[in-house]
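The structure file structure-v4.tsv is reproduced below (TSV, C-alpha atoms and all ligand atoms).
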```tsv
chain	number	residue	atom	x	y	z
I	14	VAL	CA	-48.75	-20.53	-45.20
I	15	ARG	CA	-50.32	-23.76	-46.34
I	16	VAL	CA	-51.99	-26.37	-44.18
I	17	GLY	CA	-49.14	-28.76	-44.91
I	18	GLU	CA	-46.67	-26.30	-43.35
I	19	LEU	CA	-48.44	-25.70	-40.05
I	20	PRO	CA	-46.73	-26.91	-36.89
I	21	THR	CA	-48.98	-29.49	-35.23
I	22	PRO	CA	-51.20	-29.83	-33.29
I	23	ALA	CA	-53.06	-26.87	-34.79
I	24	LEU	CA	-56.69	-25.86	-35.03
I	25	VAL	CA	-57.92	-25.62	-38.61
I	26	VAL	CA	-61.26	-24.13	-39.64
I	27	ASP	CA	-63.28	-24.66	-42.82
I	28	LEU	CA	-64.61	-21.16	-43.49
I	29	ALA	CA	-67.26	-22.26	-45.98
I	30	ARG	CA	-68.78	-24.67	-43.47
I	31	PHE	CA	-68.58	-22.07	-40.71
I	32	ASP	CA	-70.38	-19.50	-42.86
I	33	ALA	CA	-73.01	-22.08	-43.84
I	34	ASN	CA	-73.61	-22.94	-40.17
I	35	VAL	CA	-74.11	-19.26	-39.30
I	36	ALA	CA	-76.39	-18.70	-42.30
I	37	LEU	CA	-78.54	-21.72	-41.43
I	38	MET	CA	-78.95	-20.59	-37.82
I	39	GLY	CA	-79.78	-17.09	-39.05
I	40	GLU	CA	-82.71	-18.38	-41.10
I	41	ARG	CA	-84.51	-19.50	-37.94
I	42	TRP	CA	-83.05	-16.89	-35.57
I	43	PRO	CA	-82.49	-13.69	-37.55
I	44	GLY	CA	-80.69	-10.57	-36.35
I	45	GLU	CA	-80.78	-9.98	-32.62
I	46	SER	CA	-82.93	-13.04	-31.96
I	47	LEU	CA	-79.66	-14.98	-32.08
I	48	ARG	CA	-77.51	-14.31	-29.02
I	49	THR	CA	-74.37	-16.18	-30.01
I	50	HIS	CA	-72.50	-17.73	-27.09
I	51	VAL	CA	-68.81	-16.82	-27.30
I	52	LYS	CA	-67.81	-19.53	-24.83
I	53	ALA	CA	-67.82	-21.99	-27.73
I	54	PHE	CA	-65.06	-20.23	-29.69
I	55	LYS	CA	-63.51	-17.54	-27.45
I	56	SER	CA	-62.44	-15.38	-30.38
I	57	THR	CA	-63.37	-11.78	-31.11
I	58	THR	CA	-62.33	-12.23	-34.75
I	59	LEU	CA	-64.81	-15.07	-35.17
I	60	ALA	CA	-67.45	-13.08	-33.27
I	61	ARG	CA	-66.94	-10.14	-35.63
I	62	ARG	CA	-67.77	-12.40	-38.55
I	63	VAL	CA	-71.00	-13.47	-36.83
I	64	ALA	CA	-71.85	-9.81	-36.18
I	65	ALA	CA	-71.12	-8.97	-39.83
I	66	ALA	CA	-73.60	-11.70	-40.79
I	67	GLY	CA	-76.26	-9.63	-39.00
I	68	HIS	CA	-76.13	-10.92	-35.41
I	69	PRO	CA	-74.67	-8.25	-33.09
I	70	SER	CA	-75.85	-9.71	-29.74
I	71	PHE	CA	-73.68	-12.10	-27.76
I	72	CYS	CA	-73.50	-13.85	-24.44
I	73	GLY	CA	-70.53	-15.12	-22.52
I	74	ALA	CA	-69.79	-17.37	-19.56
I	75	THR	CA	-66.86	-15.42	-18.12
I	76	VAL	CA	-66.07	-11.82	-17.28
I	77	ARG	CA	-62.99	-12.15	-19.47
I	78	GLU	CA	-65.19	-12.95	-22.48
I	79	LEU	CA	-67.32	-9.84	-21.94
I	80	ASN	CA	-64.32	-7.59	-21.33
I	81	GLY	CA	-62.68	-8.78	-24.53
I	82	MET	CA	-65.84	-8.40	-26.58
I	83	ALA	CA	-66.34	-4.83	-25.34
I	84	ALA	CA	-62.70	-3.93	-26.00
I	85	ALA	CA	-63.07	-5.25	-29.54
I	86	GLY	CA	-66.03	-2.94	-30.15
I	87	LEU	CA	-68.53	-5.81	-30.05
I	88	GLY	CA	-70.47	-4.46	-27.07
I	89	HIS	CA	-73.82	-3.80	-28.77
I	90	ASP	CA	-75.68	-6.12	-26.35
I	91	LEU	CA	-73.66	-8.47	-24.12
I	92	LEU	CA	-75.17	-10.89	-21.61
I	93	LEU	CA	-73.12	-12.55	-18.90
I	94	ALA	CA	-75.14	-15.77	-18.89
I	95	ASN	CA	-73.59	-16.83	-15.63
I	96	GLU	CA	-73.52	-15.86	-11.96
I	97	VAL	CA	-70.79	-13.59	-10.56
I	98	VAL	CA	-70.47	-12.38	-6.95
I	99	ASP	CA	-66.94	-10.96	-7.09
I	100	PRO	CA	-67.46	-7.18	-6.55
I	101	ALA	CA	-64.23	-6.21	-8.33
I	102	ARG	CA	-65.17	-8.14	-11.44
I	103	LEU	CA	-68.71	-6.83	-11.45
I	104	GLN	CA	-67.38	-3.28	-11.23
I	105	VAL	CA	-65.22	-3.90	-14.29
I	106	LEU	CA	-68.32	-5.11	-16.15
I	107	ALA	CA	-70.30	-2.06	-15.03
I	108	GLY	CA	-67.57	0.22	-16.39
I	109	LEU	CA	-67.37	-1.32	-19.86
I	110	ASP	CA	-68.16	0.72	-22.93
I	111	ALA	CA	-70.94	-1.71	-23.83
I	112	ARG	CA	-74.52	-2.66	-23.03
I	113	VAL	CA	-74.05	-5.28	-20.32
I	114	THR	CA	-76.74	-7.48	-18.79
I	115	VAL	CA	-75.94	-9.90	-15.99
I	116	ALA	CA	-77.74	-13.10	-14.96
I	117	VAL	CA	-78.80	-13.25	-11.31
I	118	ASP	CA	-80.41	-16.10	-9.41
I	119	SER	CA	-80.17	-15.18	-5.71
I	120	ASP	CA	-80.36	-12.33	-3.24
I	121	ALA	CA	-76.56	-12.32	-3.10
I	122	THR	CA	-76.03	-11.99	-6.85
I	123	ILE	CA	-78.67	-9.23	-7.06
I	124	ASP	CA	-77.12	-7.29	-4.20
I	125	ALA	CA	-73.63	-7.67	-5.66
I	126	ALA	CA	-74.79	-6.46	-9.10
I	127	ALA	CA	-76.59	-3.45	-7.63
I	128	ALA	CA	-73.62	-2.52	-5.41
I	129	ALA	CA	-71.25	-2.69	-8.39
I	130	GLY	CA	-73.34	-0.35	-10.51
I	131	ILE	CA	-74.64	-2.89	-13.03
I	132	ASP	CA	-77.74	-1.49	-14.78
I	133	GLU	CA	-79.53	-4.48	-16.29
I	134	VAL	CA	-80.17	-8.06	-15.23
I	135	LEU	CA	-82.03	-11.19	-16.30
I	136	ILE	CA	-83.51	-13.49	-13.67
I	137	ASP	CA	-81.83	-16.84	-14.30
I	138	VAL	CA	-84.34	-19.66	-13.82
I	139	ASN	CA	-83.51	-23.31	-13.27
I	140	VAL	CA	-85.37	-25.18	-16.01
I	141	GLY	CA	-84.01	-28.65	-15.23
I	142	LEU	CA	-80.25	-28.54	-15.79
I	143	PRO	CA	-78.57	-29.19	-12.45
I	144	ARG	CA	-76.61	-25.93	-12.48
I	145	CYS	CA	-77.45	-22.27	-11.89
I	146	GLY	CA	-80.90	-20.67	-11.82
I	147	CYS	CA	-83.53	-19.98	-9.16
I	148	PRO	CA	-86.62	-22.15	-8.64
I	149	PRO	CA	-89.31	-20.84	-11.05
I	150	ALA	CA	-91.57	-20.00	-8.09
I	151	ASP	CA	-88.92	-17.65	-6.65
I	152	ALA	CA	-88.34	-15.67	-9.86
I	153	GLY	CA	-91.01	-13.02	-9.21
I	154	ARG	CA	-89.70	-12.27	-5.74
I	155	LEU	CA	-86.14	-11.91	-7.07
I	156	ALA	CA	-87.34	-9.58	-9.82
I	157	ASP	CA	-89.05	-7.38	-7.21
I	158	ARG	CA	-85.88	-7.32	-5.13
I	159	ALA	CA	-83.79	-6.39	-8.18
I	160	ARG	CA	-86.15	-3.56	-9.14
I	161	ALA	CA	-86.19	-2.31	-5.56
I	162	ALA	CA	-82.38	-2.22	-5.70
I	163	GLY	CA	-82.55	0.04	-8.77
I	164	LEU	CA	-81.80	-2.60	-11.41
I	165	THR	CA	-83.67	-2.88	-14.70
I	166	VAL	CA	-85.02	-6.41	-15.11
I	167	ARG	CA	-85.04	-7.18	-18.83
I	168	GLY	CA	-86.72	-10.54	-18.33
I	169	THR	CA	-85.66	-14.13	-17.71
I	170	MET	CA	-83.17	-16.68	-18.94
I	171	GLY	CA	-83.24	-20.45	-18.62
I	172	TYR	CA	-80.74	-22.77	-20.27
I	173	GLU	CA	-82.08	-26.24	-21.04
I	174	GLY	CA	-78.63	-27.86	-21.30
I	175	HIS	CA	-79.92	-31.17	-19.92
I	176	VAL	CA	-81.86	-31.83	-23.15
I	177	THR	CA	-78.71	-31.84	-25.25
I	178	VAL	CA	-77.76	-35.32	-24.03
I	179	ILE	CA	-81.01	-36.82	-25.38
I	180	ASP	CA	-80.46	-38.70	-28.64
I	181	ASP	CA	-84.09	-39.17	-29.63
I	182	ARG	CA	-85.48	-36.04	-31.27
I	183	ASP	CA	-89.07	-36.50	-30.01
I	184	GLU	CA	-87.86	-37.01	-26.46
I	185	ARG	CA	-85.62	-33.96	-26.78
I	186	GLU	CA	-88.56	-31.91	-28.01
I	187	ALA	CA	-90.72	-33.03	-25.07
I	188	ALA	CA	-87.94	-32.23	-22.58
I	189	THR	CA	-87.41	-28.81	-24.21
I	190	SER	CA	-91.14	-28.01	-23.96
I	191	ASP	CA	-91.17	-29.06	-20.33
I	192	ALA	CA	-88.16	-26.84	-19.56
I	193	MET	CA	-89.70	-23.92	-21.40
I	194	ARG	CA	-92.97	-24.30	-19.51
I	195	ARG	CA	-90.96	-23.60	-16.38
I	196	LEU	CA	-89.30	-20.57	-17.97
I	197	ALA	CA	-92.63	-19.17	-19.21
I	198	GLU	CA	-94.21	-19.65	-15.78
I	199	ALA	CA	-91.35	-17.73	-14.16
I	200	HIS	CA	-91.51	-15.06	-16.82
I	201	GLU	CA	-95.17	-14.37	-16.03
I	202	ALA	CA	-94.11	-13.28	-12.58
I	203	VAL	CA	-90.95	-11.44	-13.70
I	204	GLY	CA	-92.12	-9.45	-16.71
I	205	GLY	CA	-89.85	-7.75	-19.24
I	206	ASP	CA	-89.29	-8.33	-22.95
I	207	VAL	CA	-86.58	-10.95	-22.92
I	208	LEU	CA	-86.87	-14.73	-22.61
I	209	SER	CA	-83.35	-15.98	-23.27
I	210	GLY	CA	-82.37	-19.63	-23.56
I	211	GLY	CA	-81.86	-22.47	-25.96
I	212	SER	CA	-78.94	-24.37	-27.35
I	213	THR	CA	-77.56	-25.70	-30.60
I	214	LEU	CA	-79.52	-28.95	-30.24
I	215	SER	CA	-82.85	-27.29	-29.41
I	216	TRP	CA	-82.54	-24.52	-32.02
I	217	ASP	CA	-85.59	-25.82	-33.91
I	218	LEU	CA	-87.43	-27.29	-30.91
I	219	ASN	CA	-87.60	-24.24	-28.67
I	220	HIS	CA	-90.68	-22.14	-29.46
I	221	VAL	CA	-90.73	-20.08	-26.28
I	222	VAL	CA	-87.57	-17.99	-26.05
I	223	THR	CA	-87.34	-14.59	-27.73
I	224	GLU	CA	-83.62	-15.07	-28.29
I	225	LEU	CA	-81.55	-18.22	-28.73
I	226	GLN	CA	-78.32	-18.69	-26.81
I	227	ALA	CA	-76.16	-21.00	-28.89
I	228	GLY	CA	-72.49	-21.23	-29.73
I	229	SER	CA	-71.58	-24.78	-30.74
I	230	PHE	CA	-73.38	-24.45	-34.09
I	231	THR	CA	-70.60	-22.17	-35.38
I	232	LEU	CA	-67.77	-24.73	-35.35
I	233	MET	CA	-69.77	-27.82	-34.23
I	234	ASP	CA	-68.35	-31.09	-32.96
I	235	THR	CA	-68.86	-34.79	-33.55
I	236	GLU	CA	-71.01	-35.24	-30.42
I	237	PHE	CA	-73.66	-32.71	-31.52
I	238	ALA	CA	-73.42	-33.60	-35.22
I	239	GLY	CA	-74.02	-37.23	-34.22
I	240	ARG	CA	-77.43	-36.30	-32.80
I	241	GLY	CA	-78.79	-35.53	-36.25
I	242	SER	CA	-77.99	-31.82	-36.23
I	243	PRO	CA	-77.80	-30.16	-39.66
I	244	PHE	CA	-74.85	-28.01	-38.54
I	245	ARG	CA	-71.58	-29.50	-39.76
I	246	PRO	CA	-68.24	-29.79	-37.99
I	247	ALA	CA	-66.11	-26.90	-39.26
I	248	MET	CA	-63.05	-27.20	-37.01
I	249	ALA	CA	-60.55	-30.00	-36.52
I	250	VAL	CA	-57.19	-30.41	-34.86
I	251	LEU	CA	-54.55	-31.01	-37.50
I	252	GLY	CA	-52.06	-33.67	-36.44
I	253	THR	CA	-48.97	-35.39	-37.78
I	254	VAL	CA	-48.43	-39.15	-37.70
I	255	VAL	CA	-45.33	-39.43	-35.51
I	256	SER	CA	-45.09	-43.20	-35.12
I	257	VAL	CA	-46.39	-46.33	-36.81
I	258	ASN	CA	-46.37	-49.78	-35.25
I	259	ALA	CA	-46.53	-52.28	-38.09
I	260	ASP	CA	-46.77	-55.34	-35.80
I	261	ALA	CA	-49.64	-54.02	-33.73
I	262	ARG	CA	-51.04	-52.27	-36.81
I	263	HIS	CA	-51.60	-48.94	-35.11
I	264	ALA	CA	-50.49	-45.40	-35.84
I	265	VAL	CA	-49.98	-42.44	-33.52
I	266	VAL	CA	-50.75	-38.75	-34.20
I	267	ASP	CA	-49.40	-35.87	-32.11
I	268	VAL	CA	-52.86	-34.74	-30.96
I	269	GLY	CA	-53.54	-35.77	-27.39
I	270	LEU	CA	-55.86	-34.77	-24.60
I	271	LYS	CA	-53.79	-31.62	-23.98
I	272	SER	CA	-54.97	-30.33	-27.34
I	273	LEU	CA	-58.50	-31.83	-27.24
I	274	GLY	CA	-61.57	-31.40	-25.06
I	275	MET	CA	-62.18	-35.01	-23.99
I	276	ASP	CA	-65.23	-34.78	-21.73
I	277	HIS	CA	-67.51	-35.95	-24.56
I	278	GLY	CA	-65.26	-38.87	-25.41
I	279	ASN	CA	-62.69	-39.74	-28.03
I	280	PRO	CA	-62.21	-37.67	-31.17
I	281	THR	CA	-62.81	-39.01	-34.66
I	282	ILE	CA	-60.19	-39.69	-37.33
I	283	GLU	CA	-62.17	-40.46	-40.45
I	284	ALA	CA	-59.54	-42.70	-42.01
I	285	GLY	CA	-59.43	-45.06	-39.05
I	286	LYS	CA	-60.64	-46.03	-35.63
I	287	VAL	CA	-59.44	-44.19	-32.56
I	288	TRP	CA	-58.24	-46.46	-29.80
I	289	LEU	CA	-56.88	-44.25	-27.05
I	290	CYS	CA	-55.81	-40.71	-26.25
I	291	SER	CA	-53.02	-39.81	-23.86
I	292	ASP	CA	-51.41	-36.47	-23.02
I	293	GLU	CA	-49.81	-35.77	-26.38
I	294	HIS	CA	-50.92	-38.72	-28.55
I	295	THR	CA	-53.91	-40.37	-30.15
I	296	THR	CA	-53.38	-44.01	-31.04
I	297	TYR	CA	-55.58	-45.30	-33.82
I	298	ARG	CA	-55.89	-48.04	-36.42
I	299	GLU	CA	-55.88	-47.26	-40.12
I	300	THR	CA	-55.70	-49.77	-42.97
I	301	PRO	CA	-53.41	-49.59	-44.83
I	302	LEU	CA	-51.18	-47.95	-42.24
I	303	PRO	CA	-50.23	-44.31	-42.86
I	304	ARG	CA	-46.62	-43.24	-43.16
I	305	VAL	CA	-44.72	-41.33	-40.50
I	306	GLY	CA	-45.07	-37.66	-41.40
I	307	ASP	CA	-48.56	-38.01	-42.91
I	308	ARG	CA	-51.15	-35.55	-41.66
I	309	ARG	CA	-54.57	-36.32	-40.28
I	310	LEU	CA	-57.60	-34.32	-39.16
I	311	VAL	CA	-58.68	-35.14	-35.64
I	312	TRP	CA	-62.32	-34.08	-35.14
I	313	PRO	CA	-63.06	-33.23	-31.50
I	314	ALA	CA	-66.13	-34.55	-29.68
I	315	HIS	CA	-66.50	-31.27	-27.76
I	316	ILE	CA	-65.61	-27.98	-29.39
I	317	ASP	CA	-65.63	-25.54	-26.43
I	318	PRO	CA	-62.88	-27.06	-24.28
I	319	THR	CA	-60.86	-27.90	-27.40
I	320	VAL	CA	-60.71	-24.29	-28.58
I	321	ALA	CA	-59.84	-23.11	-25.06
I	322	LEU	CA	-56.60	-25.13	-25.19
I	323	HIS	CA	-55.26	-23.32	-28.27
I	324	GLU	CA	-53.98	-19.82	-29.04
I	325	ARG	CA	-55.25	-19.49	-32.60
I	326	MET	CA	-57.36	-21.03	-35.33
I	327	HIS	CA	-55.99	-21.36	-38.87
I	328	VAL	CA	-58.72	-20.68	-41.37
I	329	VAL	CA	-58.90	-22.11	-44.87
I	330	ALA	CA	-61.53	-21.18	-47.45
I	331	GLY	CA	-62.60	-24.84	-47.28
I	332	PRO	CA	-62.92	-27.74	-47.55
I	333	LEU	CA	-60.19	-29.14	-45.29
I	334	GLN	CA	-60.17	-32.44	-47.17
I	335	THR	CA	-59.55	-33.36	-50.79
I	336	ASP	CA	-62.08	-35.40	-52.77
I	337	GLU	CA	-60.07	-38.50	-51.79
I	338	GLY	CA	-60.70	-37.73	-48.12
I	339	THR	CA	-57.11	-36.80	-47.27
I	340	VAL	CA	-56.04	-33.51	-45.68
I	341	ASP	CA	-55.70	-30.80	-48.32
I	342	LEU	CA	-52.06	-29.95	-47.60
I	343	ASP	CA	-51.99	-27.28	-50.34
I	344	ALA	CA	-54.91	-25.29	-48.93
I	345	ASP	CA	-53.83	-21.76	-48.07
I	346	VAL	CA	-54.39	-20.44	-44.57
I	347	VAL	CA	-56.38	-17.33	-45.51
I	348	GLU	CA	-56.91	-15.97	-41.99
I	349	VAL	CA	-55.68	-16.55	-38.46
I	350	TRP	CA	-58.25	-16.08	-35.70
I	351	PRO	CA	-56.62	-15.51	-32.29
I	352	VAL	CA	-58.37	-17.32	-29.44
I	353	ASP	CA	-58.15	-14.10	-27.43
I	354	LEU	CA	-60.93	-14.65	-24.87
I	355	ARG	CA	-59.32	-17.51	-22.95
I	356	ASN	CA	-59.04	-17.67	-19.17
I	357	TRP	CA	-61.34	-15.91	-16.73
I	401	LIG	C1	-75.92	-20.55	-20.46
I	401	LIG	C2	-75.78	-21.28	-21.74
I	401	LIG	N1	-76.63	-20.98	-22.74
I	401	LIG	C3	-76.57	-21.62	-23.92
I	401	LIG	C4	-75.64	-22.62	-24.16
I	401	LIG	C5	-75.78	-23.31	-25.47
I	401	LIG	O1	-74.67	-23.63	-26.15
I	401	LIG	P1	-74.59	-24.74	-27.28
I	401	LIG	O2	-74.54	-24.02	-28.55
I	401	LIG	O3	-73.33	-25.45	-26.96
I	401	LIG	O4	-75.76	-25.66	-27.20
I	401	LIG	C6	-74.74	-22.96	-23.15
I	401	LIG	C7	-73.76	-24.03	-23.36
I	401	LIG	O5	-73.26	-24.67	-22.49
I	401	LIG	C8	-74.82	-22.27	-21.90
I	401	LIG	O6	-73.98	-22.57	-20.90
```

Have the structure of the file written as structure tokens, please.
Amino acid sequence: VRVGELPTPALVVDLARFDANVALMGERWPGESLRTHVKAFKSTTLARRVAAAGHPSFCGATVRELNGMAAAGLGHDLLLANEVVDPARLQVLAGLDARVTVAVDSDATIDAAAAAGIDEVLIDVNVGLPRCGCPPADAGRLADRARAAGLTVRGTMGYEGHVTVIDDRDEREAATSDAMRRLAEAHEAVGGDVLSGGSTLSWDLNHVVTELQAGSFTLMDTEFAGRGSPFRPAMAVLGTVVSVNADARHAVVDVGLKSLGMDHGNPTIEAGKVWLCSDEHTTYRETPLPRVGDRRLVWPAHIDPTVALHERMHVVAGPLQTDEGTVDLDADVVEVWPVDLRNW
């Protein structure tokens, strides 16, 4: 199948860019020091390619992601970087044929993990992002409680997601250092070998963690690329121009918010200027106007929720565009990567 024959909307991936993104990340975070976050791409086939590049450790945000990774034989070292209190789900995790570590940040999550037969945990520390994680000063007490309950405490994790909204690199570096001071302080009291944290935008600013949790760098998006990141967008939603309004001078592609993660704003169509997105359409201006039936690449502002709306990614060797900047309709789809880790 060629790109020009795909039914739209469809996810298309530039394999060369993807591989380059993984290789670049691997220079700074080699081997197991990279704990790739599968939430960004939700695909065991993609994860297998990351593992083959030398990075066998992964984290996930959902039990479904860990189950799927273990079933695919990618259970070398899996971290559920999220809190779970559901005993049935924790028991499933405990029974996986995989090394599973679970994040805990409260008495309740520790007790639930111990009761379910989980072996290993990380104390999740709040380093400034208004989300999960215990206060740094409580981390030592929680570690003691976990050890008393028979759990092995591998160390700490702290995700500095709040720094990723900072445009200015110096300010982002200062905020990352501040967050990591909190993680290091907690780690003193917790002990263990692992300090897990980080993100695609602090990959070269975080000097404290022993392993980097990052996922967006694989496929990237326009939001993160716009903050000066060297990782390049490698996935777009392929669309077809389904209507052209010559009077109003706008065109419409069949890629709407039901095929795009929109929480980081409008997508980008390089040939024009995006005006608005509705359920099944993106209206944009392009001069001269395209023709009905033309194809366009719609680059999402946020990769994770975009992937989660689709069943598969269509992979081309790359690039997705011709030298003239149009979609390479003759490019062969060389692989199809099922998005098999969706849902919870
Ligand atoms: C717990 C956790 N760690 C790390 C990340 C980093 O991911 P990204 O590559 O998108 O910066 C995320 C993303 O939201 C996360 O939730």

Quick one: distance from CA of Arg240 in chain I to CA of Asp180 in chain I in Å, one decimal?
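Answer for the CA of Arg240 in chain I to CA of Asp180 in chain I separation: 5.7 Å.
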
Within 12 Å of Lys271 in chain I, counting only C-alpha atoms, which residues qualify if same-chain residues fewer than 6 places away don't, as a PyMOL selection string?
chain I and resi 22-23+250+290-295+318-323

Collect all residues with atoms no farther than 8 Å from ligand LIG 401 (chain I), counting only C-alpha atoms and all ligand atoms, and output them as JSON, numbers by chain.
{"I": [49, 50, 52, 53, 72, 73, 74, 94, 95, 171, 172, 173, 174, 177, 210, 211, 212, 213, 214, 215, 225, 226, 227, 228, 229, 230, 317]}

Spatial neighbours of range 324-329 of chain I, max dist 12 Å, all atoms listed in the file, sep filter under 6 positions, as a ChimeraX atom specification
/I:14-32,54-59,232,247-251,272,340-356

Nearest to Arg62 in chain I: which of I:Leu142, I:Pro149, I:Thr231, I:Glu40 is it, counting only C-alpha atoms?
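Nearest candidate to Arg62 in chain I out of I:Leu142, I:Pro149, I:Thr231, I:Glu40: I:Thr231.
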
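Nearest to Asn34 in chain I of all the residues I:Gly252, I:Pro332, I:Pro243, I:Gly306 is I:Pro243, counting only C-alpha atoms.
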
Between I:Gln334, I:Ser46, I:Thr235, I:Ser242, single out the one closest to Ala284 in chain I, counting only C-alpha atoms.
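So, comparing all the options, the nearest one is I:Gln334.
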
What separates CA of Ala125 in chain I and CA of Gly86 in chain I is a distance of 26.1 Å

Using only C-alpha atoms, which residues sit within 10 Å of Asp276 in chain I once same-chain residues fewer than 2 positions away are excluded, as a list of chain:residue names?
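Result of the neighbour search: I:Leu270, I:Leu273, I:Gly274, I:Gly278, I:Asn279, I:Ala314, I:His315, I:Pro318, I:Thr319.
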
Write out as an MDAnalysis selection string which residues come within 8 Å of Leu302 in chain I when counting all atoms listed in the file, dropping same-chain ones fewer than 3 positions away.
chainID I and resid 257 259 262:264 298:299

For a quick check of understanding, using all atoms listed in the file, which of I:Asp336, I:Glu133, I:Asp99, I:Glu236 has the smallest distance to Val115 in chain I?
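Closest candidate: I:Glu133.
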
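When CA of Ala330 in chain I is paired with CA of Thr253 in chain I, their separation reads 21.3 Å.
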
Find the residues near Cys145 in chain I: any atom within 8 Å, counting only C-alpha atoms, skip ones fewer than 3 places away on the same chain, and give them as a tab-separated table (two decimals) with C-alpha atoms, in the coordinates of the input.
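And here is the file that came out, out.tsv:
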```tsv
chain	number	residue	atom	x	y	z
I	95	ASN	CA	-73.59	-16.83	-15.63
I	96	GLU	CA	-73.52	-15.86	-11.96
I	118	ASP	CA	-80.41	-16.10	-9.41
I	137	ASP	CA	-81.83	-16.84	-14.30
I	138	VAL	CA	-84.34	-19.66	-13.82
I	139	ASN	CA	-83.51	-23.31	-13.27
I	142	LEU	CA	-80.25	-28.54	-15.79
```
